[in-house]
>>> print(open('my_file.cif').read())   # mmCIF, C-alpha atoms
data_my_file
loop_
_atom_site.label_atom_id
_atom_site.label_comp_id
_atom_site.auth_asym_id
_atom_site.auth_seq_id
_atom_site.Cartn_x
_atom_site.Cartn_y
_atom_site.Cartn_z
CA VAL M 228 6.36 -7.70 -36.92
CA MET M 229 8.82 -9.61 -34.79
CA ALA M 230 7.64 -11.05 -31.52
CA HIS M 231 8.30 -8.88 -28.48
CA PRO M 232 11.20 -10.29 -26.40
CA GLY M 233 9.06 -9.97 -23.27
CA ASP M 234 6.05 -11.72 -24.77
CA GLU M 235 5.96 -14.16 -21.81
CA CYS M 236 6.93 -13.81 -18.17
CA SER M 237 10.00 -16.00 -18.65
CA GLY M 238 11.45 -13.44 -21.06
CA ALA M 239 10.51 -10.33 -19.08
CA VAL M 240 12.48 -7.25 -20.13
CA PRO M 241 14.48 -5.61 -17.32
CA ILE M 242 13.22 -2.17 -16.31
CA ALA M 243 14.64 0.30 -13.78
CA LEU M 244 13.44 3.07 -11.49
CA GLY M 245 12.68 6.36 -13.20
CA ALA M 246 10.93 7.28 -16.43
CA SER M 247 10.56 4.66 -19.13
CA THR M 248 8.14 3.46 -21.80
CA LEU M 249 6.03 0.33 -22.12
CA ASP M 250 5.54 -0.99 -25.65
CA ASN M 251 3.46 -4.00 -26.64
CA THR M 252 4.48 -3.99 -30.32
CA GLY M 253 4.78 -7.61 -31.42
CA ALA M 254 2.93 -8.88 -28.36
CA THR M 255 0.58 -11.85 -28.25
CA PRO M 256 -1.73 -12.91 -25.41
CA SER M 257 0.10 -14.52 -22.48
CA ALA M 258 -0.95 -17.76 -20.91
CA GLY M 259 -3.31 -17.00 -18.03
CA GLN M 260 -5.69 -14.08 -17.70
CA LEU M 261 -5.14 -10.84 -15.87
CA THR M 262 -6.73 -10.72 -12.42
CA CYS M 263 -8.91 -7.76 -13.38
CA PHE M 264 -9.88 -8.71 -16.94
CA PRO M 265 -11.23 -12.06 -18.14
CA GLY M 266 -10.35 -11.71 -21.83
CA ALA M 267 -7.22 -12.22 -23.93
CA VAL M 268 -4.87 -9.21 -24.12
CA ASN M 269 -1.81 -8.65 -26.32
CA ASP M 270 0.57 -8.16 -23.42
CA VAL M 271 4.26 -7.95 -22.62
CA TRP M 272 6.28 -8.43 -19.46
CA TYR M 273 8.85 -6.27 -17.68
CA VAL M 274 10.79 -7.03 -14.51
CA LEU M 275 12.32 -4.78 -11.85
CA THR M 276 14.94 -6.03 -9.39
CA ALA M 277 14.22 -4.44 -6.00
CA ALA M 278 17.05 -2.75 -4.12
CA ASN M 279 15.25 -3.06 -0.76
CA ASP M 280 11.79 -3.70 0.68
CA ASN M 281 10.41 -0.22 -0.04
CA ILE M 282 7.08 0.05 -1.81
CA VAL M 283 7.44 0.40 -5.59
CA GLU M 284 5.03 2.77 -7.33
CA PHE M 285 4.17 2.43 -11.03
CA SER M 286 2.51 5.51 -12.56
CA LEU M 287 1.25 4.84 -16.08
CA ASP M 288 -0.23 7.25 -18.66
CA SER M 289 -2.67 5.58 -21.03
CA PRO M 290 -2.92 6.65 -24.70
CA ALA M 291 -5.36 3.77 -25.31
CA LEU M 292 -7.40 1.27 -23.34
CA THR M 293 -4.63 -0.47 -21.44
CA PHE M 294 -4.39 -3.29 -18.95
CA VAL M 295 -1.65 -3.49 -16.36
CA GLU M 296 -0.87 -5.82 -13.47
CA VAL M 297 2.09 -5.97 -11.10
CA TYR M 298 3.29 -9.08 -9.33
CA THR M 299 5.90 -10.29 -6.88
CA GLY M 300 7.30 -13.80 -6.76
CA SER M 301 8.56 -15.79 -9.73
CA CYS M 302 7.12 -16.67 -13.13
CA GLY M 303 5.99 -20.04 -11.85
CA ALA M 304 4.49 -18.62 -8.67
CA LEU M 305 3.33 -15.06 -9.25
CA GLN M 306 1.51 -13.13 -6.53
CA SER M 307 -0.68 -10.32 -7.86
CA GLU M 308 -0.09 -7.04 -6.05
CA ALA M 309 -2.40 -4.81 -8.08
CA CYS M 310 -4.31 -4.87 -11.36
CA ALA M 311 -6.04 -2.10 -13.29
CA ILE M 312 -7.85 -1.30 -16.51
CA ALA M 313 -6.76 2.17 -17.61
CA PHE M 314 -8.89 4.26 -19.95
CA VAL M 315 -7.67 6.65 -22.63
CA GLY M 316 -6.13 9.84 -21.24
CA THR M 317 -5.95 8.65 -17.63
CA THR M 318 -3.06 8.11 -15.25
CA THR M 319 -3.10 4.86 -13.29
CA THR M 320 -0.99 4.16 -10.22
CA LEU M 321 -0.23 0.69 -8.89
CA TYR M 322 1.89 -0.43 -5.94
CA ALA M 323 3.94 -3.53 -5.20
CA ARG M 324 5.74 -4.52 -2.01
CA PRO M 325 8.92 -6.57 -2.59
CA GLY M 326 10.21 -8.64 0.30
CA GLY M 327 13.75 -7.25 0.15
CA ALA M 328 16.82 -6.59 -1.97
CA GLY M 329 17.02 -8.84 -5.01
CA ASP M 330 13.30 -9.64 -5.09
CA LEU M 331 11.67 -9.36 -8.50
CA VAL M 332 8.64 -7.23 -9.32
CA TYR M 333 6.92 -8.07 -12.61
CA LEU M 334 4.88 -5.65 -14.68
CA ARG M 335 2.45 -7.06 -17.25
CA TYR M 336 1.24 -4.53 -19.82
CA GLY M 337 -1.31 -4.91 -22.61
CA ALA M 338 -3.68 -2.88 -24.73
CA PHE M 339 -6.90 -3.21 -26.71
CA PRO M 340 -7.67 -3.71 -29.54
CA GLY M 341 -4.17 -4.86 -30.46
CA PRO M 342 -0.39 -4.48 -30.18
CA GLY M 343 1.55 -1.34 -31.01
CA VAL M 344 0.60 0.83 -28.02
CA VAL M 345 3.35 2.75 -26.21
CA SER M 346 2.73 4.16 -22.73
CA PRO M 347 5.05 6.29 -20.59
CA VAL M 348 5.60 4.96 -17.09
CA THR M 349 7.40 6.32 -14.05
CA ILE M 350 8.66 3.88 -11.43
CA THR M 351 9.44 5.21 -7.98
CA GLU M 352 10.49 3.81 -4.60
CA ILE M 353 8.46 5.08 -1.66
CA PRO M 354 10.35 4.87 1.64
CA PRO M 355 8.45 4.03 4.84
CA PRO M 356 6.84 6.99 6.66
CA MET M 357 8.58 8.37 9.75
CA ASN M 358 5.89 6.90 12.00
CA ASP M 359 6.15 3.39 10.59
CA ASP M 360 7.33 2.23 14.04
CA CYS M 361 6.45 3.25 17.57
CA THR M 362 9.76 5.09 18.03
CA GLY M 363 8.76 7.51 15.27
CA ALA M 364 5.22 8.12 16.53
CA ILE M 365 3.83 11.47 15.40
CA PRO M 366 2.49 13.62 18.27
CA LEU M 367 -1.21 14.35 17.98
CA VAL M 368 -2.79 17.71 18.82
CA ARG M 369 -6.15 17.67 20.57
CA GLY M 370 -8.99 18.46 18.17
CA VAL M 371 -6.75 18.61 15.09
CA PRO M 372 -7.31 15.80 12.55
CA GLU M 373 -4.13 14.05 11.47
CA PRO M 374 -4.19 12.60 7.93
CA PHE M 375 -2.75 9.12 7.47
CA ASP M 376 -1.82 6.89 4.57
CA THR M 377 -0.56 3.33 5.03
CA ILE M 378 0.51 2.71 1.40
CA ALA M 379 4.23 2.70 2.24
CA ALA M 380 3.86 1.52 5.84
CA SER M 381 4.96 -1.90 7.04
CA ASP M 382 3.45 -4.34 9.50
CA SER M 383 4.75 -3.89 13.06
CA GLY M 384 4.77 -7.66 13.38
CA VAL M 385 2.53 -7.83 16.46
CA PRO M 386 -1.20 -8.59 15.98
CA PHE M 387 -3.73 -6.02 17.11
CA ALA M 388 -5.47 -7.14 20.30
CA CYS M 389 -8.86 -6.98 18.57
CA ALA M 390 -7.98 -7.90 14.96
CA PRO M 391 -5.14 -10.40 14.47
CA ASN M 392 -4.96 -10.33 10.67
CA VAL M 393 -4.35 -6.64 9.92
CA GLY M 394 -1.51 -5.45 7.68
CA PRO M 395 0.54 -2.22 7.53
CA ASP M 396 0.16 0.22 10.41
CA LEU M 397 1.20 3.69 11.61
CA TRP M 398 1.96 5.10 15.06
CA TYR M 399 0.89 8.29 16.85
CA SER M 400 1.27 9.64 20.38
CA TYR M 401 -0.54 12.02 22.69
CA THR M 402 0.68 13.44 26.00
CA ALA M 403 -2.14 14.10 28.46
CA SER M 404 -2.29 17.67 29.79
CA SER M 405 -4.72 16.85 32.62
CA SER M 406 -5.48 13.93 34.90
CA ASN M 407 -8.75 12.06 35.35
CA VAL M 408 -10.13 13.07 31.96
CA MET M 409 -11.08 10.94 28.97
CA ILE M 410 -9.02 10.81 25.80
CA ARG M 411 -10.91 9.77 22.69
CA ALA M 412 -9.19 8.85 19.43
CA GLU M 413 -11.10 7.84 16.32
CA THR M 414 -10.83 7.33 12.59
CA CYS M 415 -14.53 7.97 11.92
CA GLY M 416 -14.95 9.67 8.55
CA SER M 417 -11.89 8.00 7.06
CA ALA M 418 -12.18 6.33 3.67
CA LEU M 419 -10.20 3.35 4.99
CA ASP M 420 -11.26 0.27 6.90
CA THR M 421 -9.26 0.74 10.11
CA VAL M 422 -8.27 -0.85 13.40
CA LEU M 423 -7.17 1.36 16.29
CA GLU M 424 -5.30 0.36 19.43
CA ALA M 425 -4.12 2.50 22.36
CA PHE M 426 -1.15 1.81 24.64
CA GLU M 427 0.73 3.17 27.60
CA GLY M 428 4.33 2.55 28.57
CA THR M 429 7.39 2.83 26.34
CA CYS M 430 7.95 1.56 22.82
CA ASN M 431 10.00 -1.31 24.26
CA GLY M 432 7.33 -2.14 26.84
CA LEU M 433 3.88 -1.20 25.61
CA VAL M 434 0.73 -2.20 27.48
CA SER M 435 -2.51 -2.32 25.49
CA LEU M 436 -5.29 -0.22 27.02
CA ALA M 437 -8.02 -0.37 24.38
CA CYS M 438 -8.57 -1.73 20.90
CA ASN M 439 -11.43 -1.33 18.42
CA ASP M 440 -12.05 -2.67 14.93
CA ARG M 441 -15.45 -1.33 13.89
CA TYR M 442 -17.19 1.45 15.79
CA CYS M 443 -18.44 3.84 13.09
CA GLY M 444 -19.00 1.67 10.04
CA VAL M 445 -15.61 0.13 9.22
CA GLN M 446 -13.73 2.82 11.15
CA SER M 447 -12.64 2.77 14.78
CA ARG M 448 -12.81 4.59 18.13
CA VAL M 449 -11.06 4.07 21.45
CA ASN M 450 -11.66 5.86 24.76
CA LEU M 451 -9.07 6.14 27.53
CA THR M 452 -10.34 7.05 30.98
CA SER M 453 -8.51 8.09 34.15
CA VAL M 454 -5.48 9.30 32.23
CA VAL M 455 -2.53 10.83 34.06
CA ALA M 456 -1.19 14.30 33.24
CA GLY M 457 2.23 14.17 31.57
CA THR M 458 1.81 10.56 30.47
CA THR M 459 2.35 9.79 26.79
CA TYR M 460 -0.13 7.40 25.24
CA TYR M 461 0.50 5.65 21.92
CA PHE M 462 -1.99 4.92 19.18
CA ARG M 463 -1.52 2.37 16.41
CA VAL M 464 -3.76 2.52 13.35
#
>>> encode(input="my_file.cif", output="structure tokens")
Amino acid sequence: VMAHPGDECSGAVPIALGASTLDNTGATPSAGQLTCFPGAVNDVWYVLTAANDNIVEFSLDSPALTFVEVYTGSCGALQSEACAIAFVGTTTTLYARPGGAGDLVYLRYGAFPGPGVVSPVTITEIPPPMNDDCTGAIPLVRGVPEPFDTIAASDSGVPFACAPNVGPDLWYSYTASSSNVMIRAETCGSALDTVLEAFEGTCNGLVSLACNDRYCGVQSRVNLTSVVAGTTYYFRV
């Protein structure tokens, strides 16, 4: 069997958005171990050229025990974005965040016990959510939980007042219907480790009113007192 052309990162095979197949026929173990598996794997490399900075989703069906890792950067300086061991008959989803148009996203694919395993993969761009920035804040309804998912969100670029090293965030708003009451917002019960900050003002001139990192386990709660009817308050999570 001839060696796979993408047997090492330097020869990574170009791959595009949409449906494709991953095939490790002719593969040998690459130099360097996968982040999530300490052993040698007969793996091959693919590379996607990003069109923008949208999140890239890789959805892989596994006909065998497979190993997959996605990276950004270059072959000499790879940054692992996600790594997974996928069992027979499962679908595994991994995400990578390129920095912008022209950036390369590498996919490393292997299988056990040996080469010759073909897996279907679907590669999709996920655009940012509408509330990725303050100007797109989603209005909240009192007493109605609002689901949130930061997978495709970006970092607003301003540190939280109570947690300076937090990543992607989302924005919500609430307009007070009465004065001199308390507004409470919380993420208690979420499966995510969250930070929550509340503001007043406009998106171009926000003033932080409260910020919380861990109130209920690794989730957050903020209370606003003496609110003013008709005033819109913003929440960043």
>>> closest_residue(input="my_file.cif", among="M:Leu261, M:Leu419, M:Val408, M:Ala328", to="Thr276 (chain M)", atoms="only C-alpha atoms")
M:Ala328
>>> residues_around(input="my_file.cif", residues="region 350-359 of chain M", least_positions_apart="2", cutoff="6 Å", atoms="all atoms listed in the file", output="PyMOL selection string")
chain M and resi 244-245+281-285+363-364+379-380+397-398
>>> atom_distance(input="my_file.cif", atom1="CA of Ile378 (chain M)", atom2="CA of Gly266 (chain M)")
29.4 Å
>>> closest_residue(input="my_file.cif", among="M:Thr452, M:Ser286, M:Ser307, M:Thr362", to="Asn431 (chain M)", atoms="all atoms listed in the file")
M:Thr362
>>> atom_distance(input="my_file.cif", atom1="CA of Tyr460 (chain M)", atom2="CA of Tyr399 (chain M)")
8.5 Å
>>> residues_around(input="my_file.cif", residues="Gly384 (chain M)", least_positions_apart="2", cutoff="10 Å", atoms="only C-alpha atoms", output="PyMOL selection string")
chain M and resi 381-382+386-387+393-396
>>> closest_residue(input="my_file.cif", among="M:Gly238, M:Gly428, M:Pro366, M:Gly327", to="Cys302 (chain M)", atoms="all atoms listed in the file")
M:Gly238
>>> resolve_selection(input="my_file.cif", expression="the PyMOL selection byres ((chain M and resi 409) around 8)", output="ChimeraX atom specification")
/M:407-408,410-411,450-454
>>> resolve_selection(input="my_file.cif", expression="the PyMOL selection byres ((chain M and resi 232-234) around 7)", output="JSON, numbers by chain")
{"M": [230, 231, 235, 236, 238, 239, 240, 254, 255, 257, 270, 271, 272, 273]}
>>> residues_near_point(input="my_file.cif", point="(-2.2, -0.6, -23.2)", cutoff="8 Å", atoms="all atoms listed in the file", output="PyMOL selection string")
chain M and resi 251+289-295+313+336-339+344-346
>>> atom_distance(input="my_file.cif", atom1="CA of Leu436 (chain M)", atom2="CA of Ser417 (chain M)")
22.6 Å
>>> closest_residue(input="my_file.cif", among="M:Ile365, M:Val464, M:Cys443, M:Ala437", to="Leu423 (chain M)", atoms="only C-alpha atoms")
M:Val464
>>> closest_residue(input="my_file.cif", among="M:Ala277, M:Ala403, M:Leu367, M:Cys263", to="Gly457 (chain M)", atoms="only C-alpha atoms")
M:Ala403
>>> residues_near_point(input="my_file.cif", point="(19.6, -7.0, -15.1)", cutoff="9 Å", atoms="all atoms listed in the file", output="list in words")
Val240, Pro241, Ile242, Ala243, Val274, Leu275 and Thr276 of chain M
>>> residues_around(input="my_file.cif", residues="Tyr298 (chain M)", least_positions_apart="3", cutoff="9 Å", atoms="all atoms listed in the file", output="PDB file with C-alpha atoms, keeping the file's coordinate frame")
ATOM      1  CA  SER M 301       8.560 -15.790  -9.730  1.00  0.00           C
ATOM      2  CA  LEU M 305       3.330 -15.060  -9.250  1.00  0.00           C
ATOM      3  CA  GLN M 306       1.510 -13.130  -6.530  1.00  0.00           C
ATOM      4  CA  SER M 307      -0.680 -10.320  -7.860  1.00  0.00           C
ATOM      5  CA  GLU M 308      -0.090  -7.040  -6.050  1.00  0.00           C
ATOM      6  CA  ALA M 309      -2.400  -4.810  -8.080  1.00  0.00           C
ATOM      7  CA  CYS M 310      -4.310  -4.870 -11.360  1.00  0.00           C
ATOM      8  CA  ALA M 323       3.940  -3.530  -5.200  1.00  0.00           C
ATOM      9  CA  ARG M 324       5.740  -4.520  -2.010  1.00  0.00           C
ATOM     10  CA  LEU M 331      11.670  -9.360  -8.500  1.00  0.00           C
ATOM     11  CA  VAL M 332       8.640  -7.230  -9.320  1.00  0.00           C
ATOM     12  CA  TYR M 333       6.920  -8.070 -12.610  1.00  0.00           C
ATOM     13  CA  LEU M 334       4.880  -5.650 -14.680  1.00  0.00           C
ATOM     14  CA  ARG M 335       2.450  -7.060 -17.250  1.00  0.00           C
TER      15      ARG M 335
END
>>> closest_residue(input="my_file.cif", among="M:Ala278, M:Val422, M:Gly303, M:Gly444", to="Ala258 (chain M)", atoms="all atoms listed in the file")
M:Gly303
>>> axis_aligned_box(input="my_file.cif", around="region 387-390 of chain M", padding_each_side="6 Å", output="lines of an AutoDock Vina configuration file")
center_x = -6.3
center_y = -7.0
center_z = 17.6
size_x = 17.1
size_y = 13.9
size_z = 17.3
